[in-house]
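Visitor: Handing you a structure now.
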Amino acid sequence: MNVLFLAHTEADGGLSKAACEALSAAKGLGGELVVGLYGAEVQKAADQIAGCGAVKFLGVAGADFATARYASDAAACEALAKAAAAELIVMPSTSRASRVAPGVAARLGAAVDTRLTALEAAGGKVVGTRWFYRQRILGKVARDTRPWLVTVDSGCFAAFEGAGTAQVEAVAASGQSRTTVTGVIAPAADAQTIRPDAKLLLVAGAGWGKTQADGQKHLDEASQIILGLLSATQASLGSSKSLVDQSGEGAALPFLTHMHQVGQTGATPRHQKGLATCCHGEEPHVVGWRFIGERRAVNLDANCGWAQGKADVLYVADAFAVAKKLAELLK
Ligand SMILES: Cc1cc2nc3c(=O)[nH]c(=O)nc-3n(C[C@H](O)[C@H](O)[C@H](O)COP(=O)(O)OP(=O)(O)OC[C@H]3O[C@@H](n4cnc5c(N)ncnc54)[C@H](O)[C@@H]3O)c2cc1C
């Protein structure tokens with residue numbers, strides 16, 4: 001079985017953690033591995049993973065491939081997949097790769113499945129695993145169609161490490177497009193939705209908007225503290241339903257949207273560590289924490305949900321004071 005690990009490089013020329021995880025998924029299949037990289041330049045990225053045991057490193061490089069753009073990215077992926085003649089193509093689930101994956105599959109006449117959480121070859125069959133219906137059903141997927149293009153979710157495989165020097169074979173692809181990229185506007189870490197690449201998930205609950213010990217609400221201060229902590233830690237921001245519902249009505253923290261909601265009717269992030277602040281830890285919220293490695297919470301209430309076996313550590317304390325001190329210590 002020929003397996004192609006297909007990924008774009010980052011602005012610094014290297015590969016993201018999500019891409020290195022996808023490489024581990026591709027390697028785990030045990031077939032003949034080919035690496036296909038595209039971006040402004042690909043040598044640094046190839047060297048970063050030179051020890052992965054690939055029989056070939058293919059690259060599409062040039063200014064046209066520097067930033068995400070459907071036409072050039074799809075052309076690069078198509079050219080690399082054809083050059084590798086791979087039966088299985090494994091890509092990371094980054095937004096840049098996810099955008100072109102279905103189009104590339106259509107050009108190749110390939111089957112496509114996205115956001116797999118496991119991938120293995122057993123008894124001559126490749127089987128992937130993915131969630132359906134908002135993580136309610138875990139399904140197994142196998143396809144007879146070849147090529148089969150899959151994207152794998154981040155946080156499900158250990159990121160490959162093994163640098164060295166790789167010999168990259170250049171592959172030609174058309175970078176022509178009617179779209180010209182004039183610049184990139186990226187939201188700051190404290191303004192984004194849940195970011196899987198962050199090491200820490202910081203959850204803000206409705207307590208931030210509640211009347212505090214002095215009989216007053218301190219929403220502006222809460223905003224500043226949360227944004228300060230996010231910029232000091234580069235953590236990803238999550239929230240509870242109660243708080244994002246209030247934000248939608250313009251009553252609470254202005255930077256929160258429903259995209260931040262963690263829980264039964266929200267997201268199920270996979271960060272290594274999570275810190276819940278001013279959040280009660282009720283079951284519909286905590287169910288969204290099931291893939292968080294280490295859970296900690298700060299709450300005034302020693303009998304809150306987190307104390308009922310839902311957190312590894314509960315700090316019974318005022319989150320305003322704790323978060324302020326934390327941001328100060330991290331400066
Ligand atoms: C069908 C269904 C689906 C749901 N889905 C979701 C979901 O996906 N996600 C979700 O989050 N919820 C969901 N909920 C709602 C959930 O049950 C809770 O109502 C919600 O999570 C509560 O949010 P909260 O903990 O932020 O707010 P609250 O319950 O109001 O808790 C606020 C907490 O802040 C603490 N606090 C206040 N001030 C401070 C301070 N200074 N320092 C420290 N702590 C302080 C308080 O002690 C309190 O524990 C769902 C409910 C239903 C019925």
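By order of appearance in the structure tokens: chains A, B, ..., then residues from 1 within every chain, and ligands from 1 in the order shown.
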Taking only C-alpha atoms and all ligand atoms and a cut-off of 8 Å, can you tell me which residues surround ligand 1, written as an NGL selection string?

Guide: :A and (204-213 or 239-243 or 261-267 or 277-288 or 298-301 or 304-305 or 316-321)

Visitor: Keeping only C-alpha atoms, write those residues as a PDB file, in the first residue's frame.

Guide:
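Once everything was written out, this is again_16.pdb:
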ATOM      1  CA  ALA A 204     -15.000  31.269  31.407  1.00  0.00           C
ATOM      2  CA  GLY A 205     -18.335  30.594  33.089  1.00  0.00           C
ATOM      3  CA  ALA A 206     -21.329  32.734  33.977  1.00  0.00           C
ATOM      4  CA  GLY A 207     -19.888  33.597  37.408  1.00  0.00           C
ATOM      5  CA  TRP A 208     -17.739  36.281  35.743  1.00  0.00           C
ATOM      6  CA  GLY A 209     -20.928  38.232  35.064  1.00  0.00           C
ATOM      7  CA  LYS A 210     -22.552  37.657  38.464  1.00  0.00           C
ATOM      8  CA  THR A 211     -22.831  39.977  41.417  1.00  0.00           C
ATOM      9  CA  GLN A 212     -19.686  39.646  43.474  1.00  0.00           C
ATOM     10  CA  ALA A 213     -18.981  39.926  47.219  1.00  0.00           C
ATOM     11  CA  SER A 239     -17.167  29.059  27.757  1.00  0.00           C
ATOM     12  CA  SER A 240     -20.327  27.696  29.307  1.00  0.00           C
ATOM     13  CA  LYS A 241     -23.760  27.890  27.727  1.00  0.00           C
ATOM     14  CA  SER A 242     -25.012  30.294  30.381  1.00  0.00           C
ATOM     15  CA  LEU A 243     -22.328  32.841  29.638  1.00  0.00           C
ATOM     16  CA  GLN A 261     -19.429  26.881  24.010  1.00  0.00           C
ATOM     17  CA  VAL A 262     -18.086  23.660  25.481  1.00  0.00           C
ATOM     18  CA  GLY A 263     -20.479  20.885  26.386  1.00  0.00           C
ATOM     19  CA  GLN A 264     -23.321  18.671  25.315  1.00  0.00           C
ATOM     20  CA  THR A 265     -24.621  21.209  22.814  1.00  0.00           C
ATOM     21  CA  GLY A 266     -21.219  22.766  22.207  1.00  0.00           C
ATOM     22  CA  ALA A 267     -17.697  21.643  21.401  1.00  0.00           C
ATOM     23  CA  THR A 277     -13.156  29.618  35.995  1.00  0.00           C
ATOM     24  CA  CYS A 278     -16.475  30.840  37.443  1.00  0.00           C
ATOM     25  CA  CYS A 279     -18.164  27.831  35.905  1.00  0.00           C
ATOM     26  CA  HIS A 280     -20.258  25.499  38.037  1.00  0.00           C
ATOM     27  CA  GLY A 281     -19.278  22.236  36.339  1.00  0.00           C
ATOM     28  CA  GLU A 282     -22.751  20.909  35.600  1.00  0.00           C
ATOM     29  CA  GLU A 283     -22.982  17.655  33.676  1.00  0.00           C
ATOM     30  CA  PRO A 284     -24.153  19.153  30.331  1.00  0.00           C
ATOM     31  CA  HIS A 285     -21.076  21.378  30.408  1.00  0.00           C
ATOM     32  CA  VAL A 286     -18.555  18.859  31.765  1.00  0.00           C
ATOM     33  CA  VAL A 287     -19.515  16.241  29.179  1.00  0.00           C
ATOM     34  CA  GLY A 288     -17.644  18.473  26.708  1.00  0.00           C
ATOM     35  CA  VAL A 298     -11.571  27.726  40.282  1.00  0.00           C
ATOM     36  CA  ASN A 299     -14.892  28.253  42.038  1.00  0.00           C
ATOM     37  CA  LEU A 300     -16.100  29.963  45.204  1.00  0.00           C
ATOM     38  CA  ASP A 301     -18.399  27.037  45.914  1.00  0.00           C
ATOM     39  CA  CYS A 304     -19.848  22.891  42.874  1.00  0.00           C
ATOM     40  CA  GLY A 305     -20.036  20.238  40.157  1.00  0.00           C
ATOM     41  CA  VAL A 316     -11.989  27.037  46.151  1.00  0.00           C
ATOM     42  CA  ALA A 317     -11.158  30.672  45.555  1.00  0.00           C
ATOM     43  CA  ASP A 318     -12.217  33.929  43.933  1.00  0.00           C
ATOM     44  CA  ALA A 319     -11.419  33.572  40.218  1.00  0.00           C
ATOM     45  CA  PHE A 320     -10.962  37.347  39.865  1.00  0.00           C
ATOM     46  CA  ALA A 321      -8.100  37.236  42.378  1.00  0.00           C
TER      47      ALA A 321
END

Visitor: Set out as CSV a contact list for range 168-239 of chain A and range 154-161 of chain A with a cut-off of 12 Å, giving each residue of range 168-239 of chain A that qualifies its closest atom pair and distance in Å to one decimal, counting only C-alpha atoms, ordered by chain and rising residue number.

Guide:
residue,atom,partner,partner_atom,distance
A:Arg195,CA,A:Ser154,CA,10.4
A:Pro196,CA,A:Ser154,CA,6.9
A:Asp197,CA,A:Ser154,CA,7.7
A:Ala198,CA,A:Gly155,CA,10.5
A:Lys199,CA,A:Gly155,CA,10.3

Visitor: Taking 4 positions as the minimum chain separation for residues in the same chain, which residues sit within 10 Å of Thr129 in chain A when counting only C-alpha atoms? Answer as a ChimeraX atom specification.

Guide: /A:113-120,138-142,152

Visitor: So how far away is CA of Ala121 in chain A from CA of Ala83 in chain A, in Å?

Guide: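 Taking CA of Ala83 in chain A as the start and CA of Ala121 in chain A as the end point, the length is 23.2 Å.
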
Visitor: With DSSP run on the backbone, what are the helix (DSSP H, G or I) residues within range 117-273 of chain A? I'd like them as a count of residues only.

Guide: 33

Visitor: Enumerate, in order of chain and increasing residue number, the residues of range 47-79 of chain A with an atom no farther than 6 Å from range 16-34 of chain A, each with its shortest atom pair and distance in Å to one decimal, counting only C-alpha atoms, as a Markdown table.

Guide:
| residue | atom | partner | partner_atom | distance |
| --- | --- | --- | --- | --- |
| A:Ala54 | CA | A:Leu33 | CA | 4.7 |
| A:Val55 | CA | A:Val34 | CA | 5.8 |
| A:Lys56 | CA | A:Val34 | CA | 5.0 |

Visitor: Let's have the selection written as a PDB file, in the first residue's frame, with N, CA and C atoms.

Guide:
ATOM      1  N   ALA A  54      10.197   7.928   5.133  1.00  0.00           N
ATOM      2  CA  ALA A  54       9.550   8.037   3.816  1.00  0.00           C
ATOM      3  C   ALA A  54      10.533   7.628   2.719  1.00  0.00           C
ATOM      4  N   VAL A  55      10.005   6.988   1.670  1.00  0.00           N
ATOM      5  CA  VAL A  55      10.875   6.590   0.554  1.00  0.00           C
ATOM      6  C   VAL A  55      11.142   7.787  -0.351  1.00  0.00           C
ATOM      7  N   LYS A  56      10.293   8.785  -0.280  1.00  0.00           N
ATOM      8  CA  LYS A  56      10.420   9.943  -1.151  1.00  0.00           C
ATOM      9  C   LYS A  56       9.849  11.188  -0.482  1.00  0.00           C
TER      10      LYS A  56
END

Visitor: Ranking A:Ala76, A:Ala302, A:Leu275, A:Leu330 by minimum distance to Ala172 in chain A and counting only C-alpha atoms, which one comes first?

Guide: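 Using only C-alpha atoms, Ala172 in chain A sits closest to A:Ala76.
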